[in-house]
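A short write-up of the structure that comes next.
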Amino acid sequence: MKHLLSAAAVAAVATSPALAGEIKVGSVAGVTGPIAELVAPIVAGRNLAVEHINAQGGLLGGDTMVMVLADSQCDPKAGVDAGQKVVNVEQVVAIVGASCSGATNGMVQSVTIPAGVVSISDSATAPSITDLADNDVVFRTAPSDAFQGAALAKLAHDAGLKSVAVTYSNDDYNAGIAKVFVSSFEAMGGKVTANQVHEPNKASYRSEIATLAGNGAEGLALFAYYGGSGITIIRNSLETGSFGKFMAADGMFDISVIEQIGAENLKDNYMVTQAAADPENASYKIFAEAFKTTGMDPAAPYASHGYDAAFLIALAIEKAGAPDRSKIGAALREVANAPGEVIRPGEWKKAKELIAAGQDINYEGASGPVDFDENGDVAGFYSVNTVGADGKYVMEFLR
Amino acid sequence: MEQYYGLFVYGLSLFTMGGIYAVMALGLNVQWGFTGLFNAGIAGFFAVGAYTQAILTTPICRDHLGCYGVSIPLAMLVAMVFSAGVAWAIARICIRLRSDYLAIATIGIAEILRLVFKNEIWATNGPRGVSQIPKAFETLPAPWNALAFLAMVAAAVGVIYIALERARSAPWGRVMTAIRENETAAAAAGKNVESFRLESFVIGSALMGLGGALMAQYLKQIDPNVSDPLTATFLVWVMLVAGGSANNKGAVLGAMLLYAVWSASELLSTRFLMLLSSDSIGALTHAEAGEWSIRFAYLRVFIIGLILQVILQMRPQGILPEVRPKPHPRRGGDRAPGITQGRKSS
Amino acid sequence: MMEFLNFYLIPGVVLGCIYALGAIGISLTFGILRFSNFAHGDTMTLGVYITLSLIHLTGLHPLAAAPVAMAVTSGLVLGMDRLFFKPFRQSATIMMVIASFGLMLMIRSAIQFFWGVQLHALQPGIARPWVLFESFRILPKHVLIIGATVVLMMAVHLLLTRTKIGKAMRATSDNPELAALTGIDTEQVIRATWVMGACLAVAAGVFLGLDTHVETMMGFKLLLPMFAAAILGGIGKPYGAVAGGLVIGIAEELSAYPWIGTEPLLPPGYKAGVAFAIMVAMLIWRPQGLFRGRQF
């Protein structure tokens with residue numbers, strides 16, 4: 001009976017014929033699960049790239065690029081399952097994703113590396129992904145968080161802070177950045193007065209804050225997701241008057257932090273780094289302008305990385321000349337890295353013509369130059385964001 | 001051709017994950033189906049098994065305990081023993097709790113275990129988890145590696161199934177049923193109810209630990225999210241109740257079927273959206289389909305909940321209801337078997 | 001000393017109030033319908049989102065919008081009872097538990113489908129505390145939450161002791177067979193239980209939303225502490241649930257107080273475990289709860 005039923009389900013899926021003139025790319029993301037609210041803009045970024053590509057002639061001989069979404073729930077179990085579905089059933093050419101590091105680690109080790117399918121993650125930042133023996137199929141446009149912790153430490157040091165208290169949410173992403181921050185800040189001669197983990201999603205953090213403030217510190221370095229615990233911690237700290245200065249990384253970069261705490265309360269005392277593109281950079285400007293039509297904030301964490309990942313895969317397919325899995329990896333490096341004629345977001349038509357003419361191109365993405373190193377990682381580029389009088393973030397690119 | 005090969009590989013993955021869940025559902029069947037123990041902390045025993053397997057076999061130990069170089073089969077055995085040991089310690093204090101109370105106590109313990117795995121970073125790498133876990137047969141060429149792994153899982157399910165079927169019709173199993181149906185009478189018949197309950201709890205939990213050990217290999221990566229109560233506890237319960245509690249075939253069937261629904265429902269919803277946005281129908285533009293795809297992910301969870309309600313109401317005893325072992329007809333056999341009777345928790 | 005009051009005790013009391021209101025509903029469902037309702041937390045979330053929509057539509061203060069949301073949520077919950085729980089009145093407990101689990105998934109995904117997953121605030125901005133006696137600080141909204149909780153508790157008390165339906169509820173919770181024999185309309189009692197549980201859950205959710213923010217997982221995250229509170233107080237004992245909620249809320253906050261030396265007693269990463277540990281200990285050593293609830 002079970003065979004019949006599952007066979008029926010598989011048959012229903014299989015018999016729906018692959019539509020002619022479509023090239024499928026997997027889009028694996030944690031759309032449900034603990035960071036659902038962060039994932040929505042990232043997926044929108046990926047979809048925007050696809051929209052640009054299809055509007056300007058599509059892939060190869062005019063094929064439509066189709067993103068097949070699969071939910072990785074931020075859980076390795078779901079990540080592996082999502083990978084199986086897009087690689088084997090949907091027969092995608094390559095994959096953008098997954099979102100969380102754990103789900104990405106599971107998916108690439110169990111599915112995509114053995115199958116030889118290229119994946120570009122736009123938000124997995126765990127350093128452990130760098131170490132994988134991946135036959136050169138695992139890439140990411142999101143920088144390993146080893147970079148961001150160091151960037152923030154330098155920023156705190158340069159701002160003249162001598163001592164900070166550190167608290168981080170107990171999840172893979174924030175724990176990783178906090179670790180790097182502490183060691184970098186101490187290496188610069190700063191003092192970490194308290195370093196404490198907290199469990200996300202609690203209704204109140206006042207007692208944690210009291211302990212953190214106990215040893216006296218000039219500021220609080222807060223590594224958390226804004227929805228999980230970050231906003232609550234800032235709110236509780238300001239309400240109790242325990243801390244007046246906050247440093248945070250990009251899990252906290254969201255406009256709702258300002259909306260909920262109030263710009264007047266955060267002015268001059270909140271700085272948040274973000275893996276970001278240079279806002280003065282032409283590539284970012286093009287992306288930001290286009291992304292506004294989706295109704296979402298172009299500066300949302302990793303939205304621009306999502307755009308770049310999807311755009312790069314399309315370029316690699318175009319470069320390879322065929323939707324052939326085995327050729328994507330090598331083509332990817334050619335289109336992403338120098339040398340070559342610079343291609344910016346939205347310039348699909350130009351890129352297509354150059355590739356057709358046999359010329360070398362170099363994609364300069366919205367999130368940065370996206371030049372892959374031998375591990376498939378990109379260098380980290382960060383901005384520091386403060387709160388302006390108008391209740392918006394004021395972004396300054398770190399050079 | 002490629003497409004059919006892909007479906008074949010995906011089918012292997014469905015059966016593998018379904019099989020791993022079947023191991024856990026069989027473990028739960030020992031506890032709930034046979035003896036009536038309401039264990040709602042499956043995720044805890046699963047996590048003990050998964051982390052034991054990961055730490056004993058993983059050759060990298062920069063960020064966590066490890067580098068013990070234990071072979072995969074031995075580690076699986078140790079994982080079962082550890083889970084059984086934890087279960088024994090818990091059962092020593094909790095086993096006399098009835099029904100819902102045991103459920104809530106075990107949920108609490110499982111969550112505490114999860115906090116331990118998350119917070120004791122020196123041992124488990126905390127939220128980052130353990131990566132590059134060795135997997136049995138992974139050096140074979142594809143698809144033989146996946147087939148061999150599936151064969152191992154299937155063998156585990158088969159051996160456990162046969163052993164449990166034997167146990168069920170043996171005196172041991174009949175005492176368990178007696179305890180489930182009427183504990184006082186079982187005690188009056190001179191059975192040491194508490195030690196039988198404890199045995200059942202420990203055996204079931206060892207199987208959940210084995211499920212964890214298999215899962216850790218299959219995923220090659222574990223972190224605290226793997227023992228999320230939603231997919232590591234409640235899903236197993238749904239599988240057992242939908243398949244048919246107290247029926248080992250039902251447990252296996254429920255696991256396979258529900259996992260297939262859980263996983264494949266996404267394919268159907270994706271296809272549906274792609275169809276709507278295809279050129280021939282054109283109800284949605286591609287851009288709109290992209291926006292809707294996220295909402296469809298929520299809708300899918302809704303539909304899974306609805307399917308569960310329908311199964312519950314249409315087949316309250318599960319797809320395969322309990323069948324009493326044949327060779328020993330019981331007096332009063334006209335009583336409705338299974339979970340609709342004698343399990344009221346008051 | 002003041003630090004203890006400001007940072008540990010007051011937040012603990014506020015959290016305890018929220019747990020307590022939610023736990024009453026769980027305790028009553030447990031006592032009268034005899035099952036652990038996993039959908040209770042998401043019922044709370046649903047009520048908060050309805051409140052949020054009302055605020056957006058009418059610009060009312062959250063506390064003014066909440067009663068309307070309570071009525072709407074109660075209606076929805078009665079519909080859910082009819083569809084998903086009524087068929088199992090005579091079945092084993094596990095059927096209703098699993099049905100409630102399915103319902104939990106359905107409510108949450110429906111909320112995510114209609115409202116999306118972004119965070120919202122019931123009241124934006126932060127409130128500066130009132131400072132009394134030089135160093136005692138308390139936030140206006142905390143006074144509001146504690147005060148409103150006291151009022152609600154009194155209403156619950158009056159309802160349970162002075163009205164016919166309230167007495168019938170208590171009787172059914174204490175001894176259902178006897179209550180049915182004395183001619184109490186069980187279905188009516190069940191409906192009253194759902195309505196009361198839903199209203200209090202919405203109140204708890206709105207208070208939590210006022211204290212922090214609104215998101216789709218907020219109710220689910222409170223579910224286990226609320227269970228713990230219900231058990232601690234004794235199943236089927238609404239007053240016990242109140243006491244249980246307060247104890248759990250305060251204990252969670254106090255576990256991080258540096259009782260010995262300057263380090264927190266318990267690493268804050270384990271704070272969430274406090275409720276579970278209390279719950280398990282209670283089940284083992286005093287399963288009838290603090291207030292002699294029914295023992296299963």
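Each chain of the structure tokens is named A, B, ... in the order shown, its residues numbered from 1; ligands are numbered from 1 in display order.
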Practice task
Might you pull out every residue within 9 Å of Lys352 of chain A, with only C-alpha atoms counted and same-chain residues fewer than 2 positions away left off, and present them as number ranges by chain?
Solution key: A: 57, 59-60, 315, 318-319, 347-350, 354-357
Practice task
Would you list the contacts of Ala187 of chain B as a ChimeraX atom specification, taking every protein, DNA or RNA residue within 12 Å and counting only C-alpha atoms, but skipping same-chain residues closer than 4 positions in sequence?
Solution key: /B:175-176,178-183,191-197
Using the selection just defined, write its residues with N, CA and C atoms as a JSON list (two decimals), in the first residue's frame.
[["chain", "number", "residue", "atom", "x", "y", "z"],
["B", 175, "VAL", "N", 2.07, -9.34, 28.62],
["B", 175, "VAL", "CA", 2.06, -8.61, 29.89],
["B", 175, "VAL", "C", 1.97, -7.11, 29.61],
["B", 176, "MET", "N", 2.72, -6.65, 28.59],
["B", 176, "MET", "CA", 2.69, -5.23, 28.25],
["B", 176, "MET", "C", 1.28, -4.77, 27.91],
["B", 178, "ALA", "N", -1.43, -6.17, 28.81],
["B", 178, "ALA", "CA", -2.23, -6.22, 30.04],
["B", 178, "ALA", "C", -2.02, -4.96, 30.86],
["B", 179, "ILE", "N", -0.77, -4.50, 30.94],
["B", 179, "ILE", "CA", -0.49, -3.29, 31.71],
["B", 179, "ILE", "C", -1.19, -2.10, 31.07],
["B", 180, "ARG", "N", -1.15, -2.06, 29.74],
["B", 180, "ARG", "CA", -1.76, -0.95, 29.04],
["B", 180, "ARG", "C", -3.25, -0.90, 29.30],
["B", 181, "GLU", "N", -3.88, -2.09, 29.25],
["B", 181, "GLU", "CA", -5.33, -2.13, 29.35],
["B", 181, "GLU", "C", -5.81, -2.00, 30.78],
["B", 182, "ASN", "N", -5.15, -2.67, 31.68],
["B", 182, "ASN", "CA", -5.61, -2.64, 33.06],
["B", 182, "ASN", "C", -4.45, -2.93, 33.99],
["B", 183, "GLU", "N", -3.87, -1.86, 34.45],
["B", 183, "GLU", "CA", -2.65, -1.99, 35.21],
["B", 183, "GLU", "C", -2.88, -2.71, 36.53],
["B", 191, "LYS", "N", 2.41, -9.44, 38.42],
["B", 191, "LYS", "CA", 3.46, -8.90, 37.55],
["B", 191, "LYS", "C", 4.04, -7.63, 38.18],
["B", 192, "ASN", "N", 5.33, -7.48, 38.10],
["B", 192, "ASN", "CA", 5.97, -6.26, 38.59],
["B", 192, "ASN", "C", 5.80, -5.18, 37.53],
["B", 193, "VAL", "N", 4.70, -4.46, 37.65],
["B", 193, "VAL", "CA", 4.31, -3.52, 36.61],
["B", 193, "VAL", "C", 5.41, -2.50, 36.34],
["B", 194, "GLU", "N", 5.98, -1.96, 37.42],
["B", 194, "GLU", "CA", 6.94, -0.89, 37.23],
["B", 194, "GLU", "C", 8.16, -1.36, 36.45],
["B", 195, "SER", "N", 8.65, -2.54, 36.71],
["B", 195, "SER", "CA", 9.87, -2.96, 36.01],
["B", 195, "SER", "C", 9.54, -3.29, 34.54],
["B", 196, "PHE", "N", 8.33, -3.77, 34.28],
["B", 196, "PHE", "CA", 7.96, -3.99, 32.88],
["B", 196, "PHE", "C", 7.86, -2.66, 32.14],
["B", 197, "ARG", "N", 7.26, -1.68, 32.78],
["B", 197, "ARG", "CA", 7.16, -0.36, 32.14],
["B", 197, "ARG", "C", 8.54, 0.20, 31.86]]
Problem - Within 9 Å of chain C: residues of chain B, using only C-alpha atoms, as an MDAnalysis selection string - result: chainID B and resid 38 93:94 96:102 104:109 111:112 115:116 118:119 234 237:238 241 294:309 312:313 316 339:346
Practice task
Write out as a PyMOL selection string every residue belonging to chain B that has an atom at most 8 Å from any atom of chain A, counting only C-alpha atoms.
Solution key: chain B and resi 3+5-7+9-10+13+118-119+126-129+131-132+142+218-223+225-226+253+256-257+260+263-264+266-268+270-271+286-287+290-291+293-294+297-298
Write the residues you've just listed into a file as a PDB file, in the first residue's frame, and include C-alpha atoms for each of them.
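again-v7.pdb written:
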ATOM      1  CA  GLN B   3      14.809  12.587 -14.966  1.00  0.00           C
ATOM      2  CA  TYR B   5      17.240   8.408 -12.563  1.00  0.00           C
ATOM      3  CA  GLY B   6      16.673  11.534 -10.477  1.00  0.00           C
ATOM      4  CA  LEU B   7      13.276  10.306  -9.350  1.00  0.00           C
ATOM      5  CA  VAL B   9      17.487   8.773  -6.285  1.00  0.00           C
ATOM      6  CA  TYR B  10      14.840  10.944  -4.669  1.00  0.00           C
ATOM      7  CA  SER B  13      16.065   9.374  -0.080  1.00  0.00           C
ATOM      8  CA  LYS B 118      23.306  23.907  22.689  1.00  0.00           C
ATOM      9  CA  ASN B 119      25.181  25.378  25.636  1.00  0.00           C
ATOM     10  CA  GLY B 126      26.982  24.507  20.480  1.00  0.00           C
ATOM     11  CA  PRO B 127      24.649  25.958  17.891  1.00  0.00           C
ATOM     12  CA  ARG B 128      27.179  25.473  15.094  1.00  0.00           C
ATOM     13  CA  GLY B 129      26.876  21.723  15.454  1.00  0.00           C
ATOM     14  CA  SER B 131      29.918  18.690  10.561  1.00  0.00           C
ATOM     15  CA  GLN B 132      31.551  16.094   8.303  1.00  0.00           C
ATOM     16  CA  ALA B 142      26.650   6.502  -6.783  1.00  0.00           C
ATOM     17  CA  TYR B 218      22.606  10.375   6.620  1.00  0.00           C
ATOM     18  CA  LEU B 219      22.689  14.167   7.079  1.00  0.00           C
ATOM     19  CA  LYS B 220      26.446  14.306   7.779  1.00  0.00           C
ATOM     20  CA  GLN B 221      25.697  17.405   9.871  1.00  0.00           C
ATOM     21  CA  ILE B 222      23.825  17.841  13.108  1.00  0.00           C
ATOM     22  CA  ASP B 223      23.064  20.856  15.211  1.00  0.00           C
ATOM     23  CA  ASN B 225      17.871  22.360  15.217  1.00  0.00           C
ATOM     24  CA  VAL B 226      17.882  18.684  14.202  1.00  0.00           C
ATOM     25  CA  LEU B 253       3.651   2.309   7.082  1.00  0.00           C
ATOM     26  CA  MET B 256       6.927   5.944   5.254  1.00  0.00           C
ATOM     27  CA  LEU B 257       3.654   7.495   4.222  1.00  0.00           C
ATOM     28  CA  ALA B 260       6.470  11.011   1.828  1.00  0.00           C
ATOM     29  CA  SER B 263       8.437  15.899   1.709  1.00  0.00           C
ATOM     30  CA  ALA B 264       6.566  15.466  -1.564  1.00  0.00           C
ATOM     31  CA  GLU B 266       6.253  20.676  -1.541  1.00  0.00           C
ATOM     32  CA  LEU B 267       6.859  19.287  -5.013  1.00  0.00           C
ATOM     33  CA  LEU B 268       3.159  19.300  -5.706  1.00  0.00           C
ATOM     34  CA  THR B 270       5.713  23.959  -6.609  1.00  0.00           C
ATOM     35  CA  ARG B 271       4.288  22.227  -9.652  1.00  0.00           C
ATOM     36  CA  HIS B 286       6.699  34.586 -13.115  1.00  0.00           C
ATOM     37  CA  ALA B 287       7.359  37.441 -10.754  1.00  0.00           C
ATOM     38  CA  GLY B 290       7.982  34.039  -7.007  1.00  0.00           C
ATOM     39  CA  GLU B 291       6.136  36.086  -4.422  1.00  0.00           C
ATOM     40  CA  SER B 293       5.983  30.667  -3.570  1.00  0.00           C
ATOM     41  CA  ILE B 294       6.838  31.860  -0.063  1.00  0.00           C
ATOM     42  CA  ALA B 297       5.345  27.266   1.938  1.00  0.00           C
ATOM     43  CA  TYR B 298       3.062  28.349   4.792  1.00  0.00           C
TER      44      TYR B 298
END
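Atom CA of Gly97 of chain A is positioned 20.3 Å from atom CA of Asn337 of chain A.
Note that the spacing between atom CA of Gly16 of chain C and atom CA of Ala121 of chain C amounts to 21.2 Å.
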Practice task
Name all residues at most 7 Å from Ser207 of chain A (count only C-alpha atoms; drop same-chain ones fewer than 4 positions away) and give them as an MDAnalysis selection string.
Solution key: (chainID A and resid 211) or (chainID C and resid 7:8 253 256:257)
For the structure I just gave you, how does DSSP split segment 5-235 of chain B - specifically, which residues are strand (DSSP E)? Reply as a PDB file with N, CA and C atoms, in the first residue's frame.
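part-v6.pdb written:
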ATOM      1  N   VAL B 130      27.954  19.737  14.677  1.00  0.00           N
ATOM      2  CA  VAL B 130      29.053  18.888  14.228  1.00  0.00           C
ATOM      3  C   VAL B 130      28.878  18.632  12.740  1.00  0.00           C
ATOM      4  N   SER B 131      29.968  18.829  12.001  1.00  0.00           N
ATOM      5  CA  SER B 131      29.918  18.690  10.561  1.00  0.00           C
ATOM      6  C   SER B 131      30.829  17.535  10.128  1.00  0.00           C
ATOM      7  N   GLN B 221      25.615  16.132   9.144  1.00  0.00           N
ATOM      8  CA  GLN B 221      25.697  17.405   9.871  1.00  0.00           C
ATOM      9  C   GLN B 221      24.587  17.391  10.905  1.00  0.00           C
ATOM     10  N   ILE B 222      24.913  17.662  12.147  1.00  0.00           N
ATOM     11  CA  ILE B 222      23.825  17.841  13.108  1.00  0.00           C
ATOM     12  C   ILE B 222      24.065  19.102  13.914  1.00  0.00           C
TER      13      ILE B 222
END
Practice task
Enumerate as number ranges by chain all residues of segment 6-214 of chain B assigned to helix (DSSP H, G or I) by DSSP on the backbone, naming them with the chain letters and numbers the document uses.
Solution key: B: 6-34, 42-57, 72-94, 99-119, 121-124, 126-128, 144-169, 171-181, 183-188, 193-214
Practice task
Show which residues sit within 9 Å of Gly216 of chain A, as a list in words. Count only C-alpha atoms, and ignore same-chain residues fewer than 2 positions away.
Solution key: Ser163, Val164, Ala165, Thr193, Leu212, Ala213, Gly214, Glu218 and Gly219 of chain A
Okay, now the selection with N, CA and C atoms, as a compact mmCIF listing (two decimals), in the first residue's frame?
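Result file follows (again11.txt):
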# COMPACT_ATOMS: atom_id res chain seq x y z
N SER A 163 36.23 49.27 27.00
CA SER A 163 35.67 48.04 27.57
C SER A 163 34.24 47.86 27.08
N VAL A 164 33.92 46.64 26.73
CA VAL A 164 32.55 46.34 26.30
C VAL A 164 32.08 45.04 26.96
N ALA A 165 30.79 44.95 27.11
CA ALA A 165 30.17 43.69 27.51
C ALA A 165 29.62 43.04 26.25
N THR A 193 34.34 42.95 29.46
CA THR A 193 34.00 42.82 30.89
C THR A 193 33.09 41.64 31.17
N LEU A 212 25.20 41.66 32.93
CA LEU A 212 26.16 42.18 31.96
C LEU A 212 26.67 43.55 32.38
N ALA A 213 25.75 44.35 32.94
CA ALA A 213 26.12 45.72 33.31
C ALA A 213 26.91 45.74 34.61
N GLY A 214 26.91 44.62 35.31
CA GLY A 214 27.49 44.57 36.65
C GLY A 214 28.93 45.03 36.73
N GLU A 218 31.61 50.23 28.79
CA GLU A 218 31.22 51.45 28.07
C GLU A 218 30.14 51.18 27.04
N GLY A 219 29.97 49.93 26.69
CA GLY A 219 28.95 49.65 25.69
C GLY A 219 28.62 48.17 25.67
Write out as a CSV table (one decimal) with N, CA and C atoms, in the first residue's frame the residues lying within 12 Å of Ala50 of chain B, counting only C-alpha atoms and excluding same-chain residues fewer than 5 positions away.
chain,number,residue,atom,x,y,z
B,20,ILE,N,14.3,5.7,8.6
B,20,ILE,CA,14.9,6.2,9.9
B,20,ILE,C,13.8,6.6,10.8
B,43,ALA,N,12.6,13.5,20.9
B,43,ALA,CA,13.7,14.3,20.4
B,43,ALA,C,14.9,14.2,21.3
B,44,GLY,N,14.7,14.1,22.6
B,44,GLY,CA,15.8,14.0,23.5
B,44,GLY,C,16.7,12.8,23.3
B,45,PHE,N,16.0,11.6,23.2
B,45,PHE,CA,16.7,10.3,23.0
B,45,PHE,C,17.3,10.3,21.6
B,55,ILE,N,30.0,12.5,17.6
B,55,ILE,CA,31.3,12.8,18.4
B,55,ILE,C,32.2,11.6,18.3
B,56,LEU,N,31.7,10.3,18.3
B,56,LEU,CA,32.5,9.2,18.3
B,56,LEU,C,33.2,9.0,17.0
B,57,THR,N,32.6,9.3,15.9
B,57,THR,CA,33.1,9.0,14.6
B,57,THR,C,33.8,10.1,13.8
B,58,THR,N,33.4,11.4,14.1
B,58,THR,CA,33.9,12.5,13.3
B,58,THR,C,35.5,12.7,13.5
B,75,ALA,N,29.9,2.7,16.9
B,75,ALA,CA,29.3,3.9,17.4
B,75,ALA,C,27.8,3.8,17.4
B,76,MET,N,27.2,3.1,16.4
B,76,MET,CA,25.8,3.0,16.5
B,76,MET,C,25.3,2.2,17.7
B,77,LEU,N,26.1,1.2,18.0
B,77,LEU,CA,25.8,0.4,19.2
B,77,LEU,C,25.9,1.2,20.4
B,78,VAL,N,27.0,2.0,20.5
B,78,VAL,CA,27.2,2.8,21.7
B,78,VAL,C,26.1,3.9,21.8
B,79,ALA,N,25.7,4.4,20.6
B,79,ALA,CA,24.6,5.4,20.6
B,79,ALA,C,23.3,4.8,21.2
B,80,MET,N,23.0,3.6,20.9
B,80,MET,CA,21.8,2.9,21.4
B,80,MET,C,22.0,2.7,22.9
B,82,PHE,N,23.9,4.5,25.0
B,82,PHE,CA,23.8,5.8,25.7
B,82,PHE,C,22.3,6.2,25.8
B,83,SER,N,21.6,6.1,24.7
B,83,SER,CA,20.2,6.5,24.8
B,83,SER,C,19.5,5.7,25.8
B,114,ARG,N,18.2,19.4,25.1
B,114,ARG,CA,18.5,20.3,23.9
B,114,ARG,C,19.3,21.5,24.4
B,117,PHE,N,22.9,20.4,24.9
B,117,PHE,CA,23.7,20.2,23.6
B,117,PHE,C,24.0,21.6,23.0
B,124,THR,N,30.0,20.0,22.1
B,124,THR,CA,29.2,19.8,20.9
B,124,THR,C,29.3,20.9,19.9
B,129,GLY,N,27.1,23.1,15.7
B,129,GLY,CA,26.9,21.7,15.5
B,129,GLY,C,28.1,21.0,15.0
B,130,VAL,N,28.0,19.7,14.7
B,130,VAL,CA,29.1,18.9,14.2
B,130,VAL,C,28.9,18.6,12.7
B,133,ILE,N,30.3,14.4,9.4
B,133,ILE,CA,30.1,13.1,10.1
B,133,ILE,C,30.3,12.0,9.1
B,206,ALA,N,16.1,3.2,23.2
B,206,ALA,CA,17.3,2.8,22.5
B,206,ALA,C,17.1,2.8,21.0
B,207,LEU,N,15.9,2.5,20.6
B,207,LEU,CA,15.5,2.5,19.2
B,207,LEU,C,15.5,3.9,18.7
B,208,MET,N,15.0,4.9,19.5
B,208,MET,CA,15.1,6.3,19.1
B,208,MET,C,16.5,6.8,19.0
B,209,GLY,N,17.4,6.3,19.9
B,209,GLY,CA,18.8,6.6,19.8
B,209,GLY,C,19.4,6.1,18.5
B,210,LEU,N,19.0,4.9,18.1
B,210,LEU,CA,19.5,4.3,16.8
B,210,LEU,C,19.0,5.2,15.7
B,211,GLY,N,17.8,5.6,15.8
B,211,GLY,CA,17.3,6.5,14.7
B,211,GLY,C,18.2,7.8,14.6
B,212,GLY,N,18.6,8.3,15.8
B,212,GLY,CA,19.4,9.5,15.8
B,212,GLY,C,20.8,9.2,15.2
B,213,ALA,N,21.3,8.0,15.5
B,213,ALA,CA,22.7,7.6,15.0
B,213,ALA,C,22.6,7.5,13.4
B,214,LEU,N,21.5,6.9,12.9
B,214,LEU,CA,21.4,6.8,11.5
B,214,LEU,C,21.2,8.1,10.8
B,215,MET,N,20.4,9.0,11.5
B,215,MET,CA,20.1,10.3,10.9
B,215,MET,C,21.4,11.1,10.8
B,216,ALA,N,22.2,11.1,11.9
B,216,ALA,CA,23.4,11.9,11.9
B,216,ALA,C,24.3,11.5,10.7
B,217,GLN,N,24.4,10.2,10.4
B,217,GLN,CA,25.2,9.7,9.3
B,217,GLN,C,24.6,10.2,8.0
B,218,TYR,N,23.2,10.0,7.9
B,218,TYR,CA,22.6,10.4,6.6
B,218,TYR,C,22.8,11.9,6.3
B,219,LEU,N,22.6,12.7,7.3
B,219,LEU,CA,22.7,14.2,7.1
B,219,LEU,C,24.1,14.7,7.0
B,220,LYS,N,25.0,13.9,7.7
B,220,LYS,CA,26.4,14.3,7.8
B,220,LYS,C,26.7,15.6,8.6
B,221,GLN,N,25.6,16.1,9.1
B,221,GLN,CA,25.7,17.4,9.9
B,221,GLN,C,24.6,17.4,10.9
B,222,ILE,N,24.9,17.7,12.1
B,222,ILE,CA,23.8,17.8,13.1
B,222,ILE,C,24.1,19.1,13.9
B,223,ASP,N,23.0,19.7,14.3
B,223,ASP,CA,23.1,20.9,15.2
B,223,ASP,C,21.8,20.8,16.0
B,224,PRO,N,21.6,21.7,17.0
B,224,PRO,CA,20.5,21.6,17.9
B,224,PRO,C,19.1,21.7,17.1
B,226,VAL,N,18.3,20.0,14.7
B,226,VAL,CA,17.9,18.7,14.2
B,226,VAL,C,16.9,18.0,15.2
B,227,SER,N,17.1,18.4,16.5
B,227,SER,CA,16.2,17.8,17.5
B,227,SER,C,15.1,18.8,17.8
B,232,ALA,N,11.2,16.2,15.3
B,232,ALA,CA,11.8,15.0,15.9
B,232,ALA,C,10.9,14.3,17.0
What are the closest atom pairs, with distances in Å to one decimal, for all residues of chain A lying within 8 Å of chain C? Consider only C-alpha atoms, order rows by chain and residue number, and present the result as a tab-separated table.
residue	atom	partner	partner_atom	distance
A:Ala36	CA	C:Val117	CA	6.5
A:Glu37	CA	C:Val117	CA	5.1
A:Asn170	CA	C:Gly269	CA	7.2
A:Gln196	CA	C:Pro268	CA	7.5
A:Val197	CA	C:Gly269	CA	5.7
A:His198	CA	C:Gly269	CA	4.8
A:Glu199	CA	C:Gly269	CA	4.9
A:Asn201	CA	C:Lys221	CA	7.0
A:Lys202	CA	C:Lys221	CA	7.8
A:Ala203	CA	C:Thr212	CA	6.7
A:Ser204	CA	C:Pro11	CA	7.0
A:Arg206	CA	C:Phe7	CA	5.4
A:Ser207	CA	C:Tyr8	CA	5.3
A:Glu208	CA	C:Ala256	CA	6.6
A:Ala210	CA	C:Phe7	CA	6.2
A:Thr211	CA	C:Pro264	CA	6.9
A:Gly227	CA	C:Leu119	CA	6.7
A:Thr232	CA	C:Thr212	CA	6.0
A:Arg235	CA	C:Ile126	CA	6.4
A:Leu238	CA	C:Arg128	CA	7.8
A:Glu239	CA	C:Arg128	CA	5.5
A:Thr240	CA	C:Pro129	CA	7.4
A:Ser256	CA	C:Leu119	CA	7.2
A:Glu259	CA	C:Pro124	CA	6.4
A:Gln260	CA	C:Pro124	CA	4.5
A:Ile261	CA	C:Gly125	CA	4.3
A:Gly262	CA	C:Gly125	CA	4.5
A:Asn265	CA	C:Ile126	CA	7.7
Exercise for the section: Kindly give the distance, in Å, that separates atom CA of Leu266 of chain A and atom CA of Ile177 of chain A, rounded to a single decimal. Expected result: 22.6 Å
List the spatial neighbours of Val242 of chain C as a compact mmCIF listing (two decimals) with C-alpha atoms, in the first residue's frame - criterion: any atom at most 8 Å away, only C-alpha atoms, same-chain residues fewer than 4 positions off excluded.
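The new file result-v8.txt reads:
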# COMPACT_ATOMS: atom_id res chain seq x y z
CA CYS C 17 1.41 37.55 35.03
CA TYR C 19 2.31 33.02 32.06
CA ALA C 20 -0.46 32.95 34.63
CA LEU C 21 -3.15 34.27 32.28
CA ALA C 23 -1.90 28.92 32.11
CA ILE C 24 -5.47 29.37 33.35
CA ALA C 229 2.73 26.78 35.31
CA GLY C 233 -0.45 24.94 40.22
CA PRO C 238 -7.30 28.12 37.97
CA LEU C 246 4.02 33.71 38.98
